[in-house]
file query_10.pdb (PDB, C-alpha atoms)
ATOM      1  CA  MET A   1       0.000   0.000   0.000
ATOM      2  CA  GLY A   2       1.409   3.399  -1.039
ATOM      3  CA  ARG A   3       1.583   6.493   1.039
ATOM      4  CA  VAL A   4      -1.635   8.407   1.605
ATOM      5  CA  THR A   5      -1.854  11.844  -0.010
ATOM      6  CA  TRP A   6      -2.956  14.319   2.636
ATOM      7  CA  ALA A   7      -3.276  17.970   3.555
ATOM      8  CA  ALA A   8      -2.729  19.677   6.884
ATOM      9  CA  GLY A   9      -5.864  21.512   7.992
ATOM     10  CA  VAL A  10      -5.122  24.258  10.509
ATOM     11  CA  ASP A  11      -7.665  26.030  12.704
ATOM     12  CA  LEU A  12      -5.849  29.058  14.129
ATOM     13  CA  GLY A  13      -7.619  30.712  17.038
ATOM     14  CA  GLY A  14      -6.722  33.172  19.757
ATOM     15  CA  THR A  15      -6.283  30.472  22.401
ATOM     16  CA  LYS A  16      -5.498  27.271  20.487
ATOM     17  CA  ILE A  17      -4.158  25.925  17.214
ATOM     18  CA  GLN A  18      -5.680  22.674  15.997
ATOM     19  CA  ILE A  19      -4.126  20.761  13.099
ATOM     20  CA  ILE A  20      -5.755  17.715  11.497
ATOM     21  CA  GLN A  21      -4.508  15.361   8.791
ATOM     22  CA  VAL A  22      -7.147  15.364   6.049
ATOM     23  CA  ASN A  23      -6.748  12.617   3.447
ATOM     24  CA  THR A  24      -7.778  12.933  -0.196
ATOM     25  CA  PHE A  25     -10.472  10.256   0.150
ATOM     26  CA  GLY A  26     -12.230  12.104   2.963
ATOM     27  CA  THR A  27     -10.895  10.510   6.155
ATOM     28  CA  ILE A  28      -8.887  12.172   8.898
ATOM     29  CA  GLY A  29      -5.812  10.884  10.664
ATOM     30  CA  GLU A  30      -3.306  12.454  13.015
ATOM     31  CA  ARG A  31      -4.220  15.543  15.001
ATOM     32  CA  VAL A  32      -2.356  18.090  17.110
ATOM     33  CA  LYS A  33      -3.679  20.763  19.467
ATOM     34  CA  ILE A  34      -1.432  23.390  21.049
ATOM     35  CA  ALA A  35      -1.894  26.684  22.898
ATOM     36  CA  THR A  36      -1.497  29.764  20.678
ATOM     37  CA  ASP A  37       1.558  31.877  21.532
ATOM     38  CA  VAL A  38      -0.235  35.194  21.011
ATOM     39  CA  THR A  39       2.362  37.161  22.984
ATOM     40  CA  GLY A  40       5.104  35.911  20.643
ATOM     41  CA  GLY A  41       3.484  37.617  17.688
ATOM     42  CA  PRO A  42       3.027  36.422  14.089
ATOM     43  CA  ASP A  43       6.517  34.946  13.718
ATOM     44  CA  ALA A  44       6.132  32.773  16.803
ATOM     45  CA  ILE A  45       2.687  31.521  15.765
ATOM     46  CA  THR A  46       3.821  30.808  12.199
ATOM     47  CA  GLN A  47       6.713  28.794  13.621
ATOM     48  CA  GLN A  48       4.323  26.898  15.903
ATOM     49  CA  ILE A  49       2.260  25.865  12.868
ATOM     50  CA  VAL A  50       5.335  24.903  10.823
ATOM     51  CA  ASP A  51       6.836  22.861  13.696
ATOM     52  CA  ALA A  52       3.544  21.085  14.422
ATOM     53  CA  ILE A  53       3.070  20.147  10.761
ATOM     54  CA  GLY A  54       6.666  18.892  10.740
ATOM     55  CA  GLU A  55       6.001  16.643  13.736
ATOM     56  CA  MET A  56       2.801  15.399  12.110
ATOM     57  CA  SER A  57       4.705  14.628   8.899
ATOM     58  CA  ASP A  58       7.263  12.581  10.849
ATOM     59  CA  LYS A  59       4.468  10.492  12.407
ATOM     60  CA  ILE A  60       2.745   9.937   9.075
ATOM     61  CA  GLY A  61       5.947   9.274   7.164
ATOM     62  CA  SER A  62       5.281  11.806   4.405
ATOM     63  CA  GLU A  63       4.952  15.528   3.824
ATOM     64  CA  PRO A  64       1.546  17.132   3.239
ATOM     65  CA  ALA A  65       0.594  17.853  -0.362
ATOM     66  CA  ALA A  66      -0.870  21.170   0.757
ATOM     67  CA  VAL A  67      -1.831  23.219   3.813
ATOM     68  CA  GLY A  68      -5.100  24.994   4.553
ATOM     69  CA  VAL A  69      -5.443  27.519   7.383
ATOM     70  CA  GLY A  70      -8.610  28.999   8.843
ATOM     71  CA  VAL A  71      -8.152  32.249  10.791
ATOM     72  CA  ALA A  72     -10.697  34.297  12.743
ATOM     73  CA  GLY A  73     -10.303  37.507  10.805
ATOM     74  CA  GLN A  74     -10.452  39.339   7.496
ATOM     75  CA  ILE A  75      -8.400  37.695   4.760
ATOM     76  CA  ASP A  76      -7.280  39.011   1.378
ATOM     77  CA  ALA A  77      -8.523  36.375  -1.073
ATOM     78  CA  ASP A  78      -5.672  36.731  -3.577
ATOM     79  CA  SER A  79      -2.642  36.894  -1.295
ATOM     80  CA  GLY A  80      -3.836  35.141   1.858
ATOM     81  CA  VAL A  81      -2.716  38.154   3.885
ATOM     82  CA  VAL A  82      -4.475  38.349   7.254
ATOM     83  CA  LYS A  83      -5.659  41.947   7.077
ATOM     84  CA  PHE A  84      -7.115  42.016  10.575
ATOM     85  CA  ALA A  85      -7.459  39.322  13.239
ATOM     86  CA  PRO A  86      -8.572  40.884  16.551
ATOM     87  CA  ASN A  87      -8.103  37.773  18.696
ATOM     88  CA  LEU A  88      -4.497  37.491  17.537
ATOM     89  CA  LYS A  89      -3.908  41.269  17.518
ATOM     90  CA  TRP A  90      -2.751  40.981  13.902
ATOM     91  CA  GLU A  91      -2.822  43.456  11.041
ATOM     92  CA  ASN A  92      -1.525  42.730   7.530
ATOM     93  CA  VAL A  93       0.322  39.499   8.357
ATOM     94  CA  LEU A  94       1.756  37.539   5.391
ATOM     95  CA  LEU A  95       0.700  34.177   6.840
ATOM     96  CA  GLN A  96       0.084  32.306   3.588
ATOM     97  CA  GLN A  97       3.410  33.413   2.095
ATOM     98  CA  ASP A  98       5.393  32.663   5.254
ATOM     99  CA  ILE A  99       4.029  29.122   5.742
ATOM    100  CA  LYS A 100       4.524  28.326   2.047
ATOM    101  CA  ARG A 101       8.123  29.534   2.208
ATOM    102  CA  ALA A 102       8.828  27.457   5.323
ATOM    103  CA  ILE A 103       7.171  24.189   4.238
ATOM    104  CA  GLY A 104       7.476  24.376   0.456
ATOM    105  CA  VAL A 105       3.954  23.248  -0.455
ATOM    106  CA  PRO A 106       0.875  25.180  -1.651
ATOM    107  CA  VAL A 107      -0.976  27.017   1.143
ATOM    108  CA  ILE A 108      -4.430  28.586   1.312
ATOM    109  CA  VAL A 109      -5.511  30.908   4.134
ATOM    110  CA  THR A 110      -9.207  31.619   4.597
ATOM    111  CA  ASN A 111     -11.613  32.924   7.216
ATOM    112  CA  ASP A 112     -12.206  30.409  10.023
ATOM    113  CA  VAL A 113     -15.986  30.329   9.657
ATOM    114  CA  ARG A 114     -15.747  29.801   5.909
ATOM    115  CA  ALA A 115     -13.282  26.979   6.593
ATOM    116  CA  ALA A 116     -15.822  25.428   8.980
ATOM    117  CA  THR A 117     -18.486  25.775   6.282
ATOM    118  CA  TRP A 118     -16.217  23.935   3.843
ATOM    119  CA  GLY A 119     -15.869  21.204   6.465
ATOM    120  CA  GLU A 120     -19.599  20.798   7.003
ATOM    121  CA  TRP A 121     -20.307  20.983   3.267
ATOM    122  CA  LEU A 122     -17.692  18.484   2.115
ATOM    123  CA  HIS A 123     -17.550  16.093   5.092
ATOM    124  CA  GLY A 124     -20.282  16.990   7.587
ATOM    125  CA  ALA A 125     -23.966  17.771   7.876
ATOM    126  CA  GLY A 126     -24.122  19.502   4.490
ATOM    127  CA  LYS A 127     -22.518  16.744   2.438
ATOM    128  CA  GLY A 128     -24.226  16.441  -0.930
ATOM    129  CA  ALA A 129     -26.122  19.739  -0.668
ATOM    130  CA  LYS A 130     -25.946  22.276  -3.490
ATOM    131  CA  ASN A 131     -27.384  25.169  -1.498
ATOM    132  CA  LEU A 132     -26.758  25.619   2.205
ATOM    133  CA  LEU A 133     -26.358  28.166   4.938
ATOM    134  CA  CYS A 134     -24.050  27.562   7.899
ATOM    135  CA  VAL A 135     -24.497  29.685  11.019
ATOM    136  CA  PHE A 136     -21.845  29.481  13.719
ATOM    137  CA  ILE A 137     -22.643  31.071  17.068
ATOM    138  CA  GLY A 138     -19.768  31.435  19.493
ATOM    139  CA  THR A 139     -18.087  34.508  20.909
ATOM    140  CA  GLY A 140     -19.321  36.156  17.704
ATOM    141  CA  VAL A 141     -21.757  35.082  15.005
ATOM    142  CA  GLY A 142     -20.485  34.118  11.573
ATOM    143  CA  GLY A 143     -21.570  32.079   8.620
ATOM    144  CA  GLY A 144     -20.925  30.597   5.239
ATOM    145  CA  ILE A 145     -23.109  30.362   2.153
ATOM    146  CA  VAL A 146     -23.042  27.720  -0.571
ATOM    147  CA  SER A 147     -25.160  28.607  -3.614
ATOM    148  CA  ASP A 148     -25.530  26.298  -6.630
ATOM    149  CA  SER A 149     -22.515  24.272  -5.425
ATOM    150  CA  LYS A 150     -20.276  27.338  -5.092
ATOM    151  CA  MET A 151     -18.956  28.821  -1.876
ATOM    152  CA  LEU A 152     -19.782  32.525  -1.908
ATOM    153  CA  SER A 153     -16.894  34.858  -1.129
ATOM    154  CA  GLY A 154     -18.154  38.158  -2.546
ATOM    155  CA  TYR A 155     -16.371  41.155  -4.011
ATOM    156  CA  ASN A 156     -14.386  41.918  -0.826
ATOM    157  CA  ASN A 157     -14.168  38.297   0.371
ATOM    158  CA  THR A 158     -16.559  39.057   3.248
ATOM    159  CA  ALA A 159     -19.638  37.031   2.239
ATOM    160  CA  GLY A 160     -21.205  35.273   5.213
ATOM    161  CA  GLU A 161     -20.983  38.055   7.814
ATOM    162  CA  ILE A 162     -24.336  36.922   9.184
ATOM    163  CA  GLY A 163     -23.618  38.363  12.615
ATOM    164  CA  HIS A 164     -23.701  41.889  11.262
ATOM    165  CA  ILE A 165     -27.130  41.797   9.672
ATOM    166  CA  THR A 166     -29.209  44.552  11.309
ATOM    167  CA  VAL A 167     -32.303  43.133  13.002
ATOM    168  CA  SER A 168     -33.228  46.201  15.099
ATOM    169  CA  LEU A 169     -32.716  49.786  13.971
ATOM    170  CA  ASP A 170     -32.307  51.042  17.544
ATOM    171  CA  GLY A 171     -30.821  47.900  19.043
ATOM    172  CA  PRO A 172     -27.747  47.469  21.251
ATOM    173  CA  GLN A 173     -24.313  48.632  20.167
ATOM    174  CA  CYS A 174     -22.248  46.035  18.306
ATOM    175  CA  THR A 175     -18.456  45.773  18.320
ATOM    176  CA  CYS A 176     -18.505  46.555  14.578
ATOM    177  CA  GLY A 177     -19.797  50.077  15.292
ATOM    178  CA  ASN A 178     -23.341  49.432  14.098
ATOM    179  CA  LYS A 179     -26.439  49.020  16.263
ATOM    180  CA  GLY A 180     -28.886  46.144  16.376
ATOM    181  CA  CYS A 181     -26.731  43.460  14.714
ATOM    182  CA  VAL A 182     -27.568  39.781  15.213
ATOM    183  CA  GLU A 183     -24.242  39.422  17.036
ATOM    184  CA  ALA A 184     -25.104  42.259  19.427
ATOM    185  CA  TYR A 185     -27.900  40.024  20.733
ATOM    186  CA  ALA A 186     -26.603  36.492  20.218
ATOM    187  CA  GLY A 187     -22.800  36.437  20.363
ATOM    188  CA  GLY A 188     -21.281  35.059  23.537
ATOM    189  CA  TRP A 189     -19.893  38.489  24.424
ATOM    190  CA  ALA A 190     -23.342  40.043  23.881
ATOM    191  CA  LEU A 191     -25.143  37.477  26.034
ATOM    192  CA  ALA A 192     -22.739  38.303  28.861
ATOM    193  CA  LYS A 193     -22.965  42.084  28.370
ATOM    194  CA  ARG A 194     -26.756  42.166  28.154
ATOM    195  CA  ALA A 195     -27.107  39.942  31.217
ATOM    196  CA  GLN A 196     -24.668  42.097  33.186
ATOM    197  CA  GLU A 197     -26.681  45.216  32.307
ATOM    198  CA  ALA A 198     -29.975  43.520  33.226
ATOM    199  CA  VAL A 199     -28.614  42.249  36.549
ATOM    200  CA  THR A 200     -27.316  45.707  37.415
ATOM    201  CA  LEU A 201     -30.847  47.082  36.969
ATOM    202  CA  SER A 202     -32.573  44.165  38.755
ATOM    203  CA  PRO A 203     -30.149  42.480  41.191
ATOM    204  CA  GLN A 204     -32.810  40.274  42.804
ATOM    205  CA  LYS A 205     -34.050  38.944  39.472
ATOM    206  CA  GLY A 206     -30.485  38.061  38.532
ATOM    207  CA  LYS A 207     -29.503  36.517  41.856
ATOM    208  CA  ARG A 208     -28.779  33.093  40.309
ATOM    209  CA  LEU A 209     -26.410  34.635  37.769
ATOM    210  CA  VAL A 210     -24.643  36.757  40.372
ATOM    211  CA  ASP A 211     -24.204  33.736  42.644
ATOM    212  CA  ASN A 212     -22.819  31.685  39.730
ATOM    213  CA  ALA A 213     -20.324  34.490  39.062
ATOM    214  CA  GLY A 214     -19.139  34.462  42.684
ATOM    215  CA  GLY A 215     -20.910  37.715  43.465
ATOM    216  CA  ASP A 216     -19.067  39.683  40.758
ATOM    217  CA  ILE A 217     -21.444  40.878  38.015
ATOM    218  CA  SER A 218     -18.535  41.586  35.666
ATOM    219  CA  ARG A 219     -17.645  37.879  35.700
ATOM    220  CA  ILE A 220     -20.972  36.752  34.223
ATOM    221  CA  THR A 221     -20.227  34.909  30.954
ATOM    222  CA  GLY A 222     -22.307  33.910  27.973
ATOM    223  CA  LYS A 223     -22.044  30.293  29.067
ATOM    224  CA  MET A 224     -23.435  31.170  32.502
ATOM    225  CA  VAL A 225     -26.356  32.964  30.849
ATOM    226  CA  MET A 226     -27.155  29.922  28.680
ATOM    227  CA  GLU A 227     -26.960  27.554  31.662
ATOM    228  CA  ALA A 228     -29.122  29.786  33.862
ATOM    229  CA  GLY A 229     -31.638  30.187  31.057
ATOM    230  CA  ALA A 230     -31.876  26.420  30.598
ATOM    231  CA  ALA A 231     -32.431  26.098  34.371
ATOM    232  CA  GLY A 232     -35.406  28.441  34.215
ATOM    233  CA  ASP A 233     -33.854  31.681  35.481
ATOM    234  CA  ALA A 234     -36.263  34.428  34.352
ATOM    235  CA  LEU A 235     -33.684  37.129  33.663
ATOM    236  CA  ALA A 236     -31.316  34.830  31.779
ATOM    237  CA  SER A 237     -34.239  33.314  29.860
ATOM    238  CA  GLN A 238     -35.245  36.777  28.664
ATOM    239  CA  VAL A 239     -31.733  37.473  27.361
ATOM    240  CA  VAL A 240     -31.650  34.079  25.608
ATOM    241  CA  GLU A 241     -35.105  34.576  24.065
ATOM    242  CA  GLN A 242     -34.006  37.930  22.610
ATOM    243  CA  ALA A 243     -30.939  36.218  21.142
ATOM    244  CA  VAL A 244     -33.125  33.491  19.612
ATOM    245  CA  GLU A 245     -35.417  36.118  18.067
ATOM    246  CA  ALA A 246     -32.451  37.983  16.605
ATOM    247  CA  ILE A 247     -30.926  34.852  15.084
ATOM    248  CA  ALA A 248     -34.263  33.809  13.584
ATOM    249  CA  ALA A 249     -34.803  37.286  12.116
ATOM    250  CA  GLY A 250     -31.378  37.384  10.491
ATOM    251  CA  VAL A 251     -31.541  33.829   9.165
ATOM    252  CA  SER A 252     -35.072  34.166   7.809
ATOM    253  CA  GLY A 253     -33.968  37.129   5.713
ATOM    254  CA  LEU A 254     -31.207  34.992   4.242
ATOM    255  CA  VAL A 255     -33.593  32.105   3.564
ATOM    256  CA  ASN A 256     -35.782  34.480   1.573
ATOM    257  CA  SER A 257     -32.702  35.852  -0.216
ATOM    258  CA  ILE A 258     -30.580  32.807  -1.063
ATOM    259  CA  SER A 259     -33.014  29.854  -0.723
ATOM    260  CA  PRO A 260     -30.875  27.194   0.998
ATOM    261  CA  GLU A 261     -31.947  23.551   1.195
ATOM    262  CA  LYS A 262     -30.173  23.127   4.548
ATOM    263  CA  ILE A 263     -29.476  25.461   7.442
ATOM    264  CA  ILE A 264     -26.700  24.151   9.680
ATOM    265  CA  PHE A 265     -26.139  25.577  13.158
ATOM    266  CA  GLY A 266     -22.841  25.154  14.979
ATOM    267  CA  GLY A 267     -20.320  26.980  17.157
ATOM    268  CA  GLY A 268     -19.603  27.048  20.874
ATOM    269  CA  VAL A 269     -22.988  28.392  21.983
ATOM    270  CA  ILE A 270     -24.837  25.700  20.001
ATOM    271  CA  GLU A 271     -22.419  23.009  21.192
ATOM    272  CA  GLY A 272     -23.179  23.923  24.791
ATOM    273  CA  SER A 273     -26.915  24.452  24.260
ATOM    274  CA  PRO A 274     -28.127  22.412  21.259
ATOM    275  CA  TYR A 275     -31.723  22.885  22.439
ATOM    276  CA  LEU A 276     -31.539  26.387  20.947
ATOM    277  CA  ILE A 277     -32.043  24.946  17.457
ATOM    278  CA  ASP A 278     -35.508  23.743  18.479
ATOM    279  CA  LYS A 279     -36.307  27.284  19.639
ATOM    280  CA  ILE A 280     -34.912  28.992  16.555
ATOM    281  CA  ALA A 281     -36.405  26.719  13.862
ATOM    282  CA  PRO A 282     -40.115  27.561  14.302
ATOM    283  CA  LEU A 283     -39.348  31.282  14.428
ATOM    284  CA  ILE A 284     -37.452  31.043  11.136
ATOM    285  CA  HIS A 285     -40.459  29.269   9.653
ATOM    286  CA  LYS A 286     -42.779  31.961  11.002
ATOM    287  CA  ARG A 287     -40.753  34.809   9.458
ATOM    288  CA  THR A 288     -39.934  33.157   6.128
ATOM    289  CA  LEU A 289     -41.916  33.033   2.905
ATOM    290  CA  ASP A 290     -43.699  29.686   2.604
ATOM    291  CA  ALA A 291     -42.248  29.072  -0.853
ATOM    292  CA  ALA A 292     -38.687  29.702   0.384
ATOM    293  CA  PHE A 293     -39.044  27.524   3.492
ATOM    294  CA  GLU A 294     -40.672  24.500   1.838
ATOM    295  CA  GLY A 295     -38.511  21.383   2.323
ATOM    296  CA  VAL A 296     -35.709  23.235   4.137
ATOM    297  CA  GLU A 297     -33.830  21.200   6.781
ATOM    298  CA  ILE A 298     -32.586  22.903   9.939
ATOM    299  CA  ILE A 299     -29.911  20.733  11.537
ATOM    300  CA  ARG A 300     -26.948  20.739  13.898
ATOM    301  CA  ALA A 301     -23.353  20.792  12.668
ATOM    302  CA  LYS A 302     -21.828  17.324  12.547
ATOM    303  CA  LEU A 303     -18.088  17.981  12.829
ATOM    304  CA  HIS A 304     -18.363  20.030  16.043
ATOM    305  CA  ASN A 305     -15.047  21.625  17.034
ATOM    306  CA  ASP A 306     -13.170  19.870  14.201
ATOM    307  CA  ALA A 307     -15.073  21.635  11.410
ATOM    308  CA  GLY A 308     -12.569  24.465  10.914
ATOM    309  CA  ALA A 309      -9.461  22.300  10.658
ATOM    310  CA  ILE A 310     -11.150  19.620   8.525
ATOM    311  CA  GLY A 311     -12.601  22.272   6.240
ATOM    312  CA  ALA A 312      -9.278  24.063   5.807
ATOM    313  CA  GLY A 313      -7.589  20.778   4.896
ATOM    314  CA  ALA A 314     -10.413  19.767   2.554
ATOM    315  CA  LEU A 315     -10.239  23.146   0.822
ATOM    316  CA  ALA A 316      -6.474  22.760   0.333
ATOM    317  CA  ILE A 317      -7.025  19.347  -1.273
ATOM    318  CA  ARG A 318      -9.791  20.711  -3.488
ATOM    319  CA  LEU A 319      -7.576  23.565  -4.704
ATOM    320  CA  PHE A 320      -4.176  21.949  -5.013
ATOM    321  CA  VAL A 321      -4.373  18.151  -5.202
ATOM    322  CA  LYS A 322      -5.276  16.741  -8.615
TER     323      LYS A 322
END
call {"tool": "encode", "arguments": {"input": "query_10.pdb", "output": "structure tokens"}}
result
Amino acid sequence: MGRVTWAAGVDLGGTKIQIIQVNTFGTIGERVKIATDVTGGPDAITQQIVDAIGEMSDKIGSEPAAVGVGVAGQIDADSGVVKFAPNLKWENVLLQQDIKRAIGVPVIVTNDVRAATWGEWLHGAGKGAKNLLCVFIGTGVGGGIVSDSKMLSGYNNTAGEIGHITVSLDGPQCTCGNKGCVEAYAGGWALAKRAQEAVTLSPQKGKRLVDNAGGDISRITGKMVMEAGAAGDALASQVVEQAVEAIAAGVSGLVNSISPEKIIFGGGVIEGSPYLIDKIAPLIHKRTLDAAFEGVEIIRAKLHNDAGAIGAGALAIRLFVK
């Protein structure tokens, strides 16, 4: 039996780097997970990726045919330059060029959520679909759109910024500078911020949340809000319900616009609280045109936390391996 042709799929985040061996016939093999050396800057992180792929190659007994990297940030489609990655504190980093120079194989750098969409489309819950919408809800809210078997990137390579659809003209301030974005209601940071504000106004109503945060309102997290909401806490439940409404409003607009056959929900918030899908689905149906919603499946992501790395590797194979 000959050597397996494979790509290294890299999911580069602000706290961890995950690398997965993605084989040309759709299976995965070796995997590595390491803490991201954010303080070391771009050079240190690039070296971490190169060293980890080198160790993986030694285990496998062959070099990768290509490398795919998903990064939480804005990427230049032509050069693979990371224009802005807030979690890494990066601006205009030549990541694609630097990894290619170090390893000597083709490299593609893409947005992390689009990489995860590639993963779900090619190897996960969206396999076989020609039109799908992926919505990933974590610290922020992002997405990916496949239309007529093509991944949409858009003129500025920003297609899929679902989190920044306006769902309320006078809604809460978003980190993007706009008001009333989906993310300003449903992102992990927004769940925490809105709960902290609500508890400050009504301490008794938010007693469970304050107790869970050790008495310090500023330590309330999005995860705590989701857990308290699931346990029946009235204040937390209100914050969660507003998030659900915002997600449904944003997604229903996209269903009417792009007509997907599948809507796939994933990300850290969904992983921790999969019951949210059952709350969101009927509201999408309610807000969507009957003709656009007919036959649409609303399902949970299949690859979970591996989607980004698997998708980045699968994309590299699709682009570079004949």
call {"tool": "residues_around", "arguments": {"input": "query_10.pdb", "residues": "A:Gly143", "least_positions_apart": "6", "cutoff": "7 Å", "atoms": "all atoms listed in the file", "output": "number ranges by chain"}}
result
A: 113-114, 134-136, 160-162
call {"tool": "residues_around", "arguments": {"input": "query_10.pdb", "residues": "A:Leu95", "least_positions_apart": "5", "cutoff": "10 Å", "atoms": "all atoms listed in the file", "output": "MDAnalysis selection string"}}
result
chainID A and resid 42:43 45:46 69 71 75 79:82 100:101 107:109
call {"tool": "resolve_selection", "arguments": {"input": "query_10.pdb", "expression": "the PyMOL selection byres ((chain A and resi 14) around 7)", "output": "count of residues only"}}
result
7
call {"tool": "resolve_selection", "arguments": {"input": "query_10.pdb", "expression": "the PyMOL selection byres ((chain A and resi 118-132) around 10)", "output": "PyMOL selection string"}}
result
chain A and resi 26-27+112-117+133-135+144-151+255+258-266+296-297+299-304+306-315+318
call {"tool": "closest_residue", "arguments": {"input": "query_10.pdb", "among": "A:Gly54, A:Cys176, A:Asp170, A:Thr110", "to": "A:Asp76", "atoms": "only C-alpha atoms"}}
result
A:Thr110
call {"tool": "decode", "arguments": {"input": "query_10.pdb", "residues": "stretch 164-171 of chain A", "atoms": "all heavy atoms", "output": "tab-separated table (two decimals), in the first residue's frame"}}
result
chain	number	residue	atom	x	y	z
A	164	HIS	N	-23.57	40.44	11.37
A	164	HIS	CA	-23.70	41.89	11.26
A	164	HIS	C	-24.86	42.31	10.36
A	164	HIS	O	-24.88	43.42	9.82
A	164	HIS	CB	-22.36	42.49	10.83
A	164	HIS	CG	-21.29	42.19	11.84
A	164	HIS	ND1	-21.32	42.72	13.11
A	164	HIS	CD2	-20.24	41.34	11.80
A	164	HIS	CE1	-20.29	42.24	13.80
A	164	HIS	NE2	-19.64	41.40	13.03
A	165	ILE	N	-25.84	41.42	10.24
A	165	ILE	CA	-27.13	41.80	9.67
A	165	ILE	C	-27.89	42.58	10.74
A	165	ILE	O	-27.98	42.16	11.89
A	165	ILE	CB	-27.94	40.55	9.26
A	165	ILE	CG1	-27.25	39.81	8.11
A	165	ILE	CG2	-29.37	40.92	8.89
A	165	ILE	CD1	-27.89	38.49	7.77
A	166	THR	N	-28.44	43.73	10.37
A	166	THR	CA	-29.21	44.55	11.31
A	166	THR	C	-30.61	43.97	11.49
A	166	THR	O	-31.33	43.76	10.51
A	166	THR	CB	-29.34	45.99	10.81
A	166	THR	OG1	-28.03	46.55	10.62
A	166	THR	CG2	-30.11	46.85	11.79
A	167	VAL	N	-30.96	43.67	12.73
A	167	VAL	CA	-32.30	43.13	13.00
A	167	VAL	C	-33.13	44.08	13.87
A	167	VAL	O	-34.30	43.85	14.12
A	167	VAL	CB	-32.22	41.74	13.68
A	167	VAL	CG1	-31.69	40.70	12.70
A	167	VAL	CG2	-31.38	41.77	14.95
A	168	SER	N	-32.51	45.18	14.33
A	168	SER	CA	-33.23	46.20	15.10
A	168	SER	C	-32.56	47.55	14.86
A	168	SER	O	-31.37	47.71	15.14
A	168	SER	CB	-33.20	45.87	16.59
A	168	SER	OG	-33.79	46.91	17.35
A	169	LEU	N	-33.31	48.50	14.34
A	169	LEU	CA	-32.72	49.79	13.97
A	169	LEU	C	-32.16	50.55	15.17
A	169	LEU	O	-31.20	51.29	15.05
A	169	LEU	CB	-33.75	50.65	13.24
A	169	LEU	CG	-34.25	50.10	11.91
A	169	LEU	CD1	-35.26	51.06	11.29
A	169	LEU	CD2	-33.10	49.85	10.94
A	170	ASP	N	-32.76	50.34	16.34
A	170	ASP	CA	-32.31	51.04	17.54
A	170	ASP	C	-31.82	50.05	18.60
A	170	ASP	O	-31.94	50.30	19.80
A	170	ASP	CB	-33.44	51.90	18.12
A	170	ASP	CG	-33.87	52.99	17.15
A	170	ASP	OD1	-32.98	53.72	16.67
A	170	ASP	OD2	-35.07	53.10	16.86
A	171	GLY	N	-31.26	48.95	18.13
A	171	GLY	CA	-30.82	47.90	19.04
A	171	GLY	C	-29.51	48.22	19.73
A	171	GLY	O	-28.95	49.31	19.59
